[in-house]
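Here the structure is laid out as structure tokens; the discussion comes afterwards.
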There are 2 protein chains.
Amino acid sequence: MKPNIPVTDKKRIVIIGAGFAGLEIAQRLSKKDFQVVLIDRNNYHQFQPLFYQVAMAGLEPSSISFPLRKIFQSCKNVHIRVTDVHRILPDGKTIETGLGAITFDELVIATGADTNYYGMKEIEERAIPMKSVGEALALRNRILQNFEDAVSAETALEREALMNVVVVGGGPTGVELSGTLAEMKRFILPKDYPDLNFDAMHIYLVEGGGEVLDAMSDEASAKAREYLDQLGVTVVANQQVNGFDGQRVTTKDGLKLPTKNLVWAAGIRACPIGGFSEEKLGRGGRLKVNAFNQVEGYETVYALGDVAIMSGDEKYPNGHPQLAQAAIQQAKQLAKNIIRKQKGEAYEPFQYRDLGTMATVGRNLAVVDLTFWKFQGFFAWLVWMFVHLMSIVGVKNRLMVFINWVWNYITYDQSLRLIIKPKPLPAGISETENQVDLEKVQ
Amino acid sequence: MKPNIPVTDKKRIVIIGAGFAGLEIAQRLSKKDFQVVLIDRNNYHQFQPLFYQVAMAGLEPSSISFPLRKIFQSCKNVHIRVTDVHRILPDGKTIETGLGAITFDELVIATGADTNYYGMKEIEERAIPMKSVGEALALRNRILQNFEDAVSAETALEREALMNVVVVGGGPTGVELSGTLAEMKRFILPKDYPDLNFDAMHIYLVEGGGEVLDAMSDEASAKAREYLDQLGVTVVANQQVNGFDGQRVTTKDGLKLPTKNLVWAAGIRACPIGGFSEEKLGRGGRLKVNAFNQVEGYETVYALGDVAIMSGDEKYPNGHPQLAQAAIQQAKQLAKNIIRKQKGEAYEPFQYRDLGTMATVGRNLAVVDLTFWKFQGFFAWLVWMFVHLMSIVGVKNRLMVFINWVWNYITYDQSLRLIIKPKPLPAGISETENQVDLEKVQ
């Protein structure tokens, strides 16, 4: 295989990652006089804030994913390549990918962040993370399968472990997941599994700190906690999970929670990219960048969003929060700067505008923090839905999400409770063998 | 694991398979005074006639699948078990399943049919079948991935093999698939892949006989052939495929078609179930049944639909056609008979009513054969859509399919072009290991 990117007299801008930051800058630069190469592992953009609804059978993956090639159908100067990036050679202005080497004039690294297990191998091997739509689907399949297994369990202990769910991490994902699970336990699961006793099912939300949603206001944290209690989630605060043998989750303080389902939403780590020396990396593995998003020491290599840590913003000494809004704002500013550079103008430094944060806990229950106004409850929930609906790429996806939400709201149902897996590809011409074949040809 | 089915004083009717026949009879018996045990490998019912639209990225699997537990939510006398059936011991009134042995008073076998490769191992290993929603999804992923690979191909030959598709079997599935592919080639793919030359892409429909849709009227066959020609499908008639090395499909007459995509829709074979002697099996591995759907020699073991071959119907000496309508009609009659038996009344023999057949080739193009009226074209296409829409289980699924159809029709788009796979379950607690653990316990 080879990248097959045509050589033109346009400046080539290579963008790695089609998350919020990568997609935003690709769209902005695609309308200008550049050759844009957009590289992602998947052929689609994923809308992370709704992964939990995919995991909870409320939405289809396709409703919150959007094919990259469709977005750039009318842009002849954009070249999409679905592959992995192995290593960056910033001095050689080249990246090494699964398709071979690709050279660049300017490189934008927007690889985002992945789950952080803080070195705990035992948990990494057995927990289910929530950082891709494929992982969300795996969680859905796992939980549904475990309920099927619970029906056929031999002992009460076995049954309890199959039904219990432990969610680790009291951030938005953890809160949203455990809240939705509690609602499923109340409204749906007892109808689907009349043979099971749902008093035996426990949903634990384990948080290392003292409160949930600790990045939000005290008001929001307290209210979210109240909502979770109300829904029947057992919030376990000030406990650090340190082990999971597949049957039992343990904490540092010796707590033991019987479960076969451990969802890990307790931390993220910038996605590692080979090719940079240790000193370029800051806290959480993020690439150190200046106010123009340039990676320290390089003129034409930039990093954006979750994978970048910007120095110089006094209000954010540890870098900007790893949220969609920071990623998108940086992408917008960098697009402007790359266009300014083309015109011979000077770069403008990035300035972060905190637009507020929000999280939902369940039906009619959400918390919203804006700079000058904090509110919770039904109106917050409406605002949460509106903002998320409007942020989804594609009119049809928006329509599908809307219909699903209305449907699920009215029927108290999450209707996509199907354990569907694509059949593995036939052995003879699996993707791997395709690659091997081609390597032989090379 | 154990089946955990409560022992009651009701007559226990075990149904294997939740396809058209199994679901129909389970629904009818669920309202009567029986204990119904419904066993399927999946936790959902699949609507086979639209698999090809899932494969062609026009519909989501969830729109044509319906969770079994949801269908029977209000039926306390129905027990669903998601597992495989290994063997039937008809004399012992027991079946052996992945969950252990389950006894029955009456047994209904409705396991349907699977792909028939006629003993050609090479093809079985490499071709993509179309007999489950998981297989349809695998075909979608494969074709999309192959287009991505074509972008990065090294040689024109390699590129052509990745883009070409060979569909074997001129029945409804083969016709519908190749027709839709031809439309995608015309309306969608060139926009998604501006770098590829679509003149190099060929869609072959290979049929062993002389015409496509040979189970339908000559009028329908001829018109379908005309439509396929019009759409740009290369129909290869009177050729029998006998080899596929992953790069090239060969036929008995020495034809060679370069492709990496072989879709096998050339035949079906009744799903094998252990426990019956060879003499109980008829043509295509189907269980021989009498006019009451009783398996030869057994009073309380029945077979329905694709897996059954009924003797005694003069118009159908080789058994009824393996279609949804035959399966559903048999299920209805058997439900009646089981209820009659309960009341001490005599069985009524099954009588097949041919309601007609239909197939669609593309936008506005379909063929319909009714007993006294055969018609083709736009009106046939509307009828096809209406009949299929109304046959789908669940109001929401119907709504979703309808929206997708309208959307795709207006935009000339199949919008679900995403290669999404659930991430494999973590090694530590995979399903297999779950099972191993439990076996150790036993």
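Scheme for the structure tokens: letters A, B, ... for chains in order shown; per-chain residue numbers from 1; ligand numbers from 1 in order shown.
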
**OP:** Find the residues in chain B near chain A: any atom within 8 Å counts, using only C-alpha atoms. Write them as a PyMOL selection string.
**Re:** chain B and resi 1-4+42-44+60-62+65-67+69-70+72-74+76+81-82+99+125-128+133-138+142+148-149+151-154+191-194+246+260+416-429

Original post:
So which residues touch range 285-293 of chain B within 8 Å, counting only C-alpha atoms, skipping near sequence neighbours fewer than 4 positions away, as a ChimeraX atom specification?
Top reply: /B:269-272,280-281,302-304,306-312,330,334,337,347-350

Chain B in the frame of chain A after Cα least-squares fit, as a compact mmCIF listing (two decimals) with C-alpha atoms, in the first residue's frame:
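superposed-v7.txt written:
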```txt
# COMPACT_ATOMS: atom_id res chain seq x y z
CA MET B 1 0.00 -0.03 0.01
CA LYS B 2 1.01 3.55 -0.52
CA PRO B 3 -0.62 6.86 0.39
CA ASN B 4 -1.23 7.94 -3.24
CA ILE B 5 -1.60 11.60 -2.36
CA PRO B 6 -1.16 13.75 -5.48
CA VAL B 7 1.72 16.21 -5.49
CA THR B 8 0.49 19.73 -6.17
CA ASP B 9 1.94 23.22 -5.83
CA LYS B 10 -0.38 23.89 -2.88
CA LYS B 11 0.94 23.90 0.65
CA ARG B 12 0.21 20.45 2.16
CA ILE B 13 -1.35 20.49 5.61
CA VAL B 14 -1.55 17.09 7.28
CA ILE B 15 -4.08 16.71 10.09
CA ILE B 16 -3.95 13.65 12.34
CA GLY B 17 -7.26 12.88 14.01
CA ALA B 18 -10.84 13.74 13.00
CA GLY B 19 -12.24 14.51 16.44
CA PHE B 20 -13.64 17.90 17.36
CA ALA B 21 -10.37 19.78 16.78
CA GLY B 22 -9.21 17.89 13.68
CA LEU B 23 -12.56 18.09 11.94
CA GLU B 24 -12.99 21.79 12.73
CA ILE B 25 -9.64 22.83 11.30
CA ALA B 26 -9.96 20.51 8.31
CA GLN B 27 -13.31 22.08 7.44
CA ARG B 28 -11.97 25.60 7.75
CA LEU B 29 -8.83 24.95 5.71
CA SER B 30 -10.67 22.93 3.08
CA LYS B 31 -12.23 26.11 1.72
CA LYS B 32 -8.86 27.78 1.29
CA ASP B 33 -5.98 27.28 -1.09
CA PHE B 34 -4.31 24.34 0.70
CA GLN B 35 -3.97 20.66 0.11
CA VAL B 36 -5.46 19.07 3.23
CA VAL B 37 -4.66 15.47 4.20
CA LEU B 38 -6.93 14.24 6.99
CA ILE B 39 -5.86 11.01 8.68
CA ASP B 40 -7.97 9.02 11.11
CA ARG B 41 -8.09 5.43 12.27
CA ASN B 42 -11.82 5.38 11.46
CA ASN B 43 -13.73 6.53 8.41
CA TYR B 44 -16.02 8.64 10.57
CA HIS B 45 -16.13 11.47 13.10
CA GLN B 46 -17.48 10.43 16.52
CA PHE B 47 -19.56 12.61 18.81
CA GLN B 48 -18.08 11.69 22.20
CA PRO B 49 -20.58 13.39 24.54
CA LEU B 50 -23.26 10.85 23.59
CA PHE B 51 -21.22 7.64 23.78
CA TYR B 52 -22.99 6.81 27.00
CA GLN B 53 -26.35 6.75 25.21
CA VAL B 54 -24.99 4.26 22.70
CA ALA B 55 -23.76 2.12 25.59
CA MET B 56 -27.20 2.30 27.21
CA ALA B 57 -29.04 1.20 24.04
CA GLY B 58 -30.69 4.60 23.57
CA LEU B 59 -28.94 5.59 20.34
CA GLU B 60 -27.39 3.81 17.40
CA PRO B 61 -23.66 4.37 16.77
CA SER B 62 -24.54 5.69 13.32
CA SER B 63 -26.63 8.51 14.80
CA ILE B 64 -23.59 10.03 16.50
CA SER B 65 -20.99 9.16 13.87
CA PHE B 66 -20.58 10.82 10.52
CA PRO B 67 -18.64 9.52 7.49
CA LEU B 68 -15.64 11.77 6.84
CA ARG B 69 -15.85 11.28 3.09
CA LYS B 70 -19.39 12.61 3.09
CA ILE B 71 -18.35 15.77 4.93
CA PHE B 72 -15.68 16.51 2.34
CA GLN B 73 -17.48 15.24 -0.76
CA SER B 74 -17.30 18.55 -2.56
CA CYS B 75 -13.70 19.36 -1.55
CA LYS B 76 -11.29 18.10 -4.18
CA ASN B 77 -8.33 19.47 -2.19
CA VAL B 78 -9.07 17.25 0.83
CA HIS B 79 -7.58 13.76 0.90
CA ILE B 80 -8.86 11.37 3.56
CA ARG B 81 -6.76 8.40 4.56
CA VAL B 82 -8.05 5.80 7.04
CA THR B 83 -4.97 4.43 8.76
CA ASP B 84 -2.82 4.51 11.89
CA VAL B 85 0.04 6.92 12.43
CA HIS B 86 3.09 5.13 13.81
CA ARG B 87 5.60 7.92 14.24
CA ILE B 88 6.26 11.54 13.50
CA LEU B 89 9.59 12.73 12.19
CA PRO B 90 9.17 16.47 12.82
CA ASP B 91 12.61 17.37 11.57
CA GLY B 92 12.15 15.37 8.39
CA LYS B 93 8.67 16.88 7.87
CA THR B 94 7.33 13.37 7.46
CA ILE B 95 4.95 11.04 9.28
CA GLU B 96 5.03 7.26 9.13
CA THR B 97 1.60 5.72 8.66
CA GLY B 98 0.12 2.29 7.99
CA LEU B 99 0.09 3.28 4.32
CA GLY B 100 3.72 4.43 4.27
CA ALA B 101 5.41 7.80 4.70
CA ILE B 102 3.54 11.05 4.14
CA THR B 103 5.36 14.37 3.95
CA PHE B 104 3.91 17.65 5.17
CA ASP B 105 4.44 21.39 4.99
CA GLU B 106 2.45 21.95 8.17
CA LEU B 107 1.37 19.22 10.60
CA VAL B 108 -1.60 19.41 12.96
CA ILE B 109 -1.71 16.77 15.69
CA ALA B 110 -5.23 16.34 17.02
CA THR B 111 -5.14 12.75 18.24
CA GLY B 112 -7.09 13.45 21.43
CA ALA B 113 -6.92 11.38 24.56
CA ASP B 114 -7.53 7.78 25.51
CA THR B 115 -8.41 6.01 28.74
CA ASN B 116 -5.88 6.27 31.56
CA TYR B 117 -5.60 3.21 33.78
CA TYR B 118 -2.74 4.73 35.77
CA GLY B 119 -0.62 1.67 35.15
CA MET B 120 -3.07 -0.86 36.62
CA LYS B 121 -2.74 -3.72 34.13
CA GLU B 122 -5.34 -5.90 35.84
CA ILE B 123 -7.96 -3.22 35.34
CA GLU B 124 -6.87 -2.36 31.82
CA GLU B 125 -7.30 -5.99 30.83
CA ARG B 126 -10.80 -6.39 32.23
CA ALA B 127 -12.56 -3.04 32.50
CA ILE B 128 -14.62 -1.52 29.72
CA PRO B 129 -13.53 1.96 28.69
CA MET B 130 -15.75 4.59 27.02
CA LYS B 131 -13.52 6.48 24.62
CA SER B 132 -14.84 5.28 21.26
CA VAL B 133 -18.14 4.34 19.75
CA GLY B 134 -16.82 0.79 19.34
CA GLU B 135 -16.13 0.64 23.08
CA ALA B 136 -19.59 2.00 23.85
CA LEU B 137 -21.10 -0.72 21.69
CA ALA B 138 -18.97 -3.32 23.46
CA LEU B 139 -20.33 -2.11 26.80
CA ARG B 140 -23.89 -2.39 25.52
CA ASN B 141 -23.30 -5.93 24.28
CA ARG B 142 -21.56 -6.92 27.51
CA ILE B 143 -24.28 -5.66 29.82
CA LEU B 144 -27.08 -7.22 27.77
CA GLN B 145 -25.20 -10.51 27.56
CA ASN B 146 -24.61 -10.48 31.30
CA PHE B 147 -28.33 -10.15 31.95
CA GLU B 148 -28.93 -13.14 29.69
CA ASP B 149 -26.31 -15.03 31.67
CA ALA B 150 -27.88 -13.91 34.94
CA VAL B 151 -31.12 -15.63 33.90
CA SER B 152 -29.16 -18.87 33.65
CA ALA B 153 -26.87 -18.35 36.64
CA GLU B 154 -26.39 -21.23 39.05
CA THR B 155 -26.06 -19.30 42.28
CA ALA B 156 -27.40 -16.06 43.72
CA LEU B 157 -23.83 -14.78 44.10
CA GLU B 158 -23.04 -15.41 40.49
CA ARG B 159 -26.30 -13.72 39.49
CA GLU B 160 -25.57 -10.64 41.56
CA ALA B 161 -22.09 -10.25 40.07
CA LEU B 162 -23.58 -10.42 36.59
CA MET B 163 -26.26 -7.81 37.35
CA ASN B 164 -24.17 -5.33 39.34
CA VAL B 165 -22.37 -2.55 37.57
CA VAL B 166 -19.46 -0.56 38.98
CA VAL B 167 -18.74 2.73 37.23
CA VAL B 168 -15.46 4.34 38.21
CA GLY B 169 -15.06 8.09 37.80
CA GLY B 170 -17.51 10.78 38.87
CA GLY B 171 -17.09 13.02 35.82
CA PRO B 172 -19.87 13.63 33.30
CA THR B 173 -19.50 10.20 31.62
CA GLY B 174 -19.65 8.32 34.91
CA VAL B 175 -22.61 10.33 36.16
CA GLU B 176 -24.52 10.04 32.90
CA LEU B 177 -23.88 6.32 32.61
CA SER B 178 -24.83 5.39 36.15
CA GLY B 179 -27.90 7.64 36.05
CA THR B 180 -29.16 6.05 32.85
CA LEU B 181 -28.45 2.56 34.17
CA ALA B 182 -30.50 3.35 37.27
CA GLU B 183 -33.40 4.41 35.08
CA MET B 184 -33.12 1.23 33.03
CA LYS B 185 -33.15 -0.78 36.23
CA ARG B 186 -36.36 0.97 37.20
CA PHE B 187 -38.31 1.17 33.96
CA ILE B 188 -37.06 -1.40 31.48
CA LEU B 189 -35.05 -4.29 32.83
CA PRO B 190 -37.67 -5.75 35.18
CA LYS B 191 -40.08 -5.98 32.23
CA ASP B 192 -37.48 -7.63 30.02
CA TYR B 193 -36.34 -10.06 32.71
CA PRO B 194 -39.34 -10.95 34.87
CA ASP B 195 -37.42 -13.94 36.28
CA LEU B 196 -34.75 -11.75 37.88
CA ASN B 197 -35.03 -9.96 41.20
CA PHE B 198 -33.84 -6.43 40.62
CA ASP B 199 -33.50 -5.65 44.30
CA ALA B 200 -30.29 -7.65 43.99
CA MET B 201 -28.90 -5.30 41.33
CA HIS B 202 -26.62 -2.50 42.50
CA ILE B 203 -25.20 0.38 40.54
CA TYR B 204 -22.09 1.81 42.16
CA LEU B 205 -20.46 5.05 41.13
CA VAL B 206 -16.99 5.14 42.63
CA GLU B 207 -15.21 8.49 42.84
CA GLY B 208 -11.72 9.11 44.15
CA GLY B 209 -12.56 12.58 45.40
CA GLY B 210 -15.26 13.75 47.72
CA GLU B 211 -17.90 14.69 45.18
CA VAL B 212 -19.14 13.96 41.68
CA LEU B 213 -18.67 16.46 38.82
CA ASP B 214 -15.86 18.11 40.75
CA ALA B 215 -14.87 20.23 37.75
CA MET B 216 -18.24 21.96 37.99
CA SER B 217 -19.64 24.33 40.63
CA ASP B 218 -20.37 23.11 44.16
CA GLU B 219 -24.02 23.76 43.45
CA ALA B 220 -23.96 21.47 40.39
CA SER B 221 -21.99 18.75 42.25
CA ALA B 222 -24.40 18.74 45.17
CA LYS B 223 -27.46 18.66 42.94
CA ALA B 224 -26.03 15.87 40.76
CA ARG B 225 -25.33 13.87 43.92
CA GLU B 226 -28.91 14.43 45.05
CA TYR B 227 -30.26 13.28 41.68
CA LEU B 228 -28.10 10.16 41.73
CA ASP B 229 -29.30 9.26 45.23
CA GLN B 230 -32.86 9.81 44.08
CA LEU B 231 -32.39 7.46 41.11
CA GLY B 232 -30.89 4.75 43.30
CA VAL B 233 -27.22 4.97 42.34
CA THR B 234 -24.91 4.10 45.24
CA VAL B 235 -22.28 6.82 45.16
CA VAL B 236 -19.04 5.67 46.79
CA ALA B 237 -16.91 8.76 47.36
CA ASN B 238 -13.27 9.07 48.50
CA GLN B 239 -12.43 5.57 47.34
CA GLN B 240 -9.73 4.64 44.87
CA VAL B 241 -10.23 1.48 42.87
CA ASN B 242 -7.03 -0.56 42.71
CA GLY B 243 -8.02 -4.02 41.56
CA PHE B 244 -10.49 -6.08 39.54
CA ASP B 245 -10.20 -9.85 39.19
CA GLY B 246 -13.22 -10.13 36.89
CA GLN B 247 -15.52 -10.99 39.82
CA ARG B 248 -14.82 -8.30 42.39
CA VAL B 249 -13.69 -4.69 42.36
CA THR B 250 -11.45 -3.67 45.26
CA THR B 251 -10.45 -0.26 46.57
CA LYS B 252 -7.38 0.93 48.43
CA ASP B 253 -9.38 1.13 51.66
CA GLY B 254 -10.37 -2.51 51.35
CA LEU B 255 -13.90 -2.15 49.97
CA LYS B 256 -15.03 -5.14 47.85
CA LEU B 257 -17.82 -4.78 45.28
CA PRO B 258 -18.98 -8.00 43.55
CA THR B 259 -19.42 -7.40 39.80
CA LYS B 260 -18.47 -8.63 36.37
CA ASN B 261 -19.05 -5.19 34.85
CA LEU B 262 -16.46 -2.55 35.55
CA VAL B 263 -16.77 0.62 33.49
CA TRP B 264 -13.66 2.76 33.63
CA ALA B 265 -14.29 6.48 33.17
CA ALA B 266 -11.77 7.61 35.75
CA GLY B 267 -9.21 9.44 33.71
CA ILE B 268 -7.71 10.18 30.36
CA ARG B 269 -4.23 10.33 28.96
CA ALA B 270 -3.13 12.07 25.78
CA CYS B 271 -2.80 9.63 22.88
CA PRO B 272 0.85 8.72 22.60
CA ILE B 273 2.57 9.54 19.34
CA GLY B 274 6.07 8.35 18.70
CA GLY B 275 8.77 10.70 17.55
CA PHE B 276 8.90 13.37 20.24
CA SER B 277 11.46 13.48 23.02
CA GLU B 278 10.28 13.22 26.64
CA GLU B 279 10.87 16.92 27.29
CA LYS B 280 8.20 17.87 24.76
CA LEU B 281 5.59 16.10 26.87
CA GLY B 282 3.78 17.68 29.82
CA ARG B 283 1.29 16.46 32.39
CA GLY B 284 -0.84 13.52 31.24
CA GLY B 285 1.38 12.92 28.21
CA ARG B 286 0.17 16.11 26.50
CA LEU B 287 2.40 17.86 23.95
CA LYS B 288 3.64 21.21 25.22
CA VAL B 289 2.51 24.03 22.92
CA ASN B 290 2.83 27.80 22.93
CA ALA B 291 -0.02 30.28 22.55
CA PHE B 292 -0.07 29.57 18.80
CA ASN B 293 -0.45 25.84 19.39
CA GLN B 294 3.05 25.25 18.04
CA VAL B 295 4.74 22.24 19.61
CA GLU B 296 7.74 23.51 21.59
CA GLY B 297 10.70 23.95 19.31
CA TYR B 298 8.89 23.47 16.00
CA GLU B 299 7.62 26.12 13.61
CA THR B 300 5.32 23.97 11.53
CA VAL B 301 4.11 21.28 13.93
CA TYR B 302 1.00 22.08 15.93
CA ALA B 303 -1.02 20.20 18.53
CA LEU B 304 -4.68 20.90 19.36
CA GLY B 305 -7.23 19.97 21.99
CA ASP B 306 -6.86 17.06 24.42
CA VAL B 307 -3.40 16.13 23.18
CA ALA B 308 -2.00 19.64 23.71
CA ILE B 309 -1.07 21.49 26.89
CA MET B 310 -0.69 25.22 26.38
CA SER B 311 1.60 27.30 28.55
CA GLY B 312 1.18 30.97 29.28
CA ASP B 313 -2.54 31.15 30.13
CA GLU B 314 -2.48 32.34 33.75
CA LYS B 315 -5.98 31.13 34.48
CA TYR B 316 -5.07 27.62 33.32
CA PRO B 317 -1.56 26.84 34.57
CA ASN B 318 -2.16 23.11 33.96
CA GLY B 319 -3.46 23.64 30.44
CA HIS B 320 -6.98 24.17 29.24
CA PRO B 321 -9.70 21.70 30.23
CA GLN B 322 -9.83 18.66 27.96
CA LEU B 323 -13.25 19.51 26.57
CA ALA B 324 -14.78 19.81 23.12
CA GLN B 325 -15.07 23.58 23.41
CA ALA B 326 -11.36 24.10 24.08
CA ALA B 327 -10.48 21.81 21.17
CA ILE B 328 -12.81 23.60 18.78
CA GLN B 329 -11.70 27.07 19.85
CA GLN B 330 -8.04 26.16 19.39
CA ALA B 331 -8.80 24.68 15.97
CA LYS B 332 -10.56 27.85 14.87
CA GLN B 333 -7.66 30.04 16.00
CA LEU B 334 -5.05 27.82 14.39
CA ALA B 335 -6.99 27.79 11.10
CA LYS B 336 -6.97 31.58 11.20
CA ASN B 337 -3.25 31.64 11.96
CA ILE B 338 -2.34 29.26 9.17
CA ILE B 339 -4.32 31.43 6.78
CA ARG B 340 -2.64 34.56 8.21
CA LYS B 341 0.78 32.99 7.71
CA GLN B 342 -0.10 32.25 4.08
CA LYS B 343 -0.87 35.94 3.66
CA GLY B 344 2.37 36.94 5.41
CA GLU B 345 0.58 38.20 8.52
CA ALA B 346 1.61 37.51 12.11
CA TYR B 347 0.04 34.81 14.33
CA GLU B 348 -2.57 35.78 16.92
CA PRO B 349 -2.31 34.09 20.34
CA PHE B 350 -5.10 31.76 21.46
CA GLN B 351 -7.54 32.96 24.10
CA TYR B 352 -9.85 30.53 25.79
CA ARG B 353 -13.46 31.52 26.36
CA ASP B 354 -15.16 29.32 28.92
CA LEU B 355 -18.69 28.84 27.60
CA GLY B 356 -19.78 26.84 30.63
CA THR B 357 -20.23 23.15 31.30
CA MET B 358 -23.17 20.85 31.74
CA ALA B 359 -24.07 17.25 32.50
CA THR B 360 -27.27 15.24 32.58
CA VAL B 361 -28.17 12.64 35.18
CA GLY B 362 -31.50 11.34 33.95
CA ARG B 363 -35.01 12.19 32.75
CA ASN B 364 -35.63 15.90 33.38
CA LEU B 365 -32.47 16.03 35.49
CA ALA B 366 -29.41 18.00 34.48
CA VAL B 367 -27.00 20.58 35.82
CA VAL B 368 -25.70 23.60 33.89
CA ASP B 369 -22.92 26.01 34.90
CA LEU B 370 -22.69 29.21 32.88
CA THR B 371 -20.35 32.01 33.91
CA PHE B 372 -23.04 34.15 35.48
CA TRP B 373 -25.85 31.67 35.90
CA LYS B 374 -25.99 28.19 37.39
CA PHE B 375 -29.19 26.21 37.19
CA GLN B 376 -30.41 22.62 37.54
CA GLY B 377 -33.44 20.46 36.88
CA PHE B 378 -35.90 20.34 33.99
CA PHE B 379 -34.87 23.54 32.24
CA ALA B 380 -31.20 22.56 32.53
CA TRP B 381 -32.13 19.23 30.97
CA LEU B 382 -33.82 20.97 28.02
CA VAL B 383 -30.77 23.17 27.53
CA TRP B 384 -28.50 20.13 27.70
CA MET B 385 -30.54 18.38 25.01
CA PHE B 386 -30.75 21.40 22.75
CA VAL B 387 -27.00 22.13 22.92
CA HIS B 388 -26.08 18.50 22.26
CA LEU B 389 -28.58 18.07 19.45
CA MET B 390 -27.32 21.18 17.68
CA SER B 391 -23.69 20.06 18.04
CA ILE B 392 -24.18 16.78 16.17
CA VAL B 393 -22.82 16.72 12.63
CA GLY B 394 -25.43 16.16 9.92
CA VAL B 395 -29.11 16.98 9.62
CA LYS B 396 -30.13 13.33 9.39
CA ASN B 397 -28.18 12.37 12.51
CA ARG B 398 -29.84 15.23 14.35
CA LEU B 399 -33.24 14.02 13.19
CA MET B 400 -32.50 10.44 14.21
CA VAL B 401 -31.24 11.44 17.65
CA PHE B 402 -34.25 13.69 18.14
CA ILE B 403 -36.72 10.94 17.19
CA ASN B 404 -34.97 8.47 19.46
CA TRP B 405 -35.02 10.92 22.36
CA VAL B 406 -38.69 11.74 21.94
CA TRP B 407 -39.54 8.07 21.53
CA ASN B 408 -37.55 6.98 24.57
CA TYR B 409 -38.95 9.81 26.64
CA ILE B 410 -42.56 8.97 25.86
CA THR B 411 -42.23 5.19 26.11
CA TYR B 412 -39.75 5.11 29.02
CA ASP B 413 -37.79 2.76 26.81
CA GLN B 414 -34.30 2.32 25.40
CA SER B 415 -35.35 0.31 22.41
CA LEU B 416 -32.04 -0.80 20.91
CA ARG B 417 -31.37 -3.73 23.20
CA LEU B 418 -29.79 -5.92 20.55
CA ILE B 419 -26.56 -7.85 20.85
CA ILE B 420 -25.49 -7.44 17.23
CA LYS B 421 -21.93 -8.06 16.16
CA PRO B 422 -20.67 -8.07 12.61
CA LYS B 423 -19.63 -11.60 11.78
CA PRO B 424 -15.82 -11.82 11.72
CA LEU B 425 -14.47 -11.56 8.21
CA PRO B 426 -13.72 -14.89 6.54
CA ALA B 427 -10.23 -16.09 7.35
CA GLY B 428 -9.03 -16.26 3.78
CA ILE B 429 -9.14 -12.54 3.09
CA SER B 430 -9.14 -10.85 6.43
CA GLU B 431 -7.93 -7.29 6.63
CA THR B 432 -4.71 -8.43 8.23
CA GLU B 433 -4.06 -10.86 5.45
CA ASN B 434 -4.82 -8.15 2.92
CA GLN B 435 -2.07 -6.17 4.50
CA VAL B 436 0.30 -9.09 4.58
CA ASP B 437 -0.36 -9.77 0.91
CA LEU B 438 0.40 -6.22 0.03
CA GLU B 439 3.55 -6.16 2.08
CA LYS B 440 4.76 -9.17 0.12
CA VAL B 441 4.15 -7.21 -3.06
CA GLN B 442 6.22 -4.29 -1.81
```

**OP:** Among the residues of range 302-349 of chain B, find those DSSP assigns to strand (DSSP E) from the backbone and print them as a list in words.
**Re:**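 Those in range 302-349 of chain B that DSSP calls strand (DSSP E) are Tyr302, Ala303, Ala308, Ile309 and Met310 of chain B.
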
**OP:** Can you check which residues of range 187-407 of chain B DSSP gives as helix (DSSP H, G or I) on the backbone and send them as a ChimeraX atom specification?
**Re:** /B:187,189-192,198-200,218-231,278-280,283-285,305-307,324-342,378-391,395-407
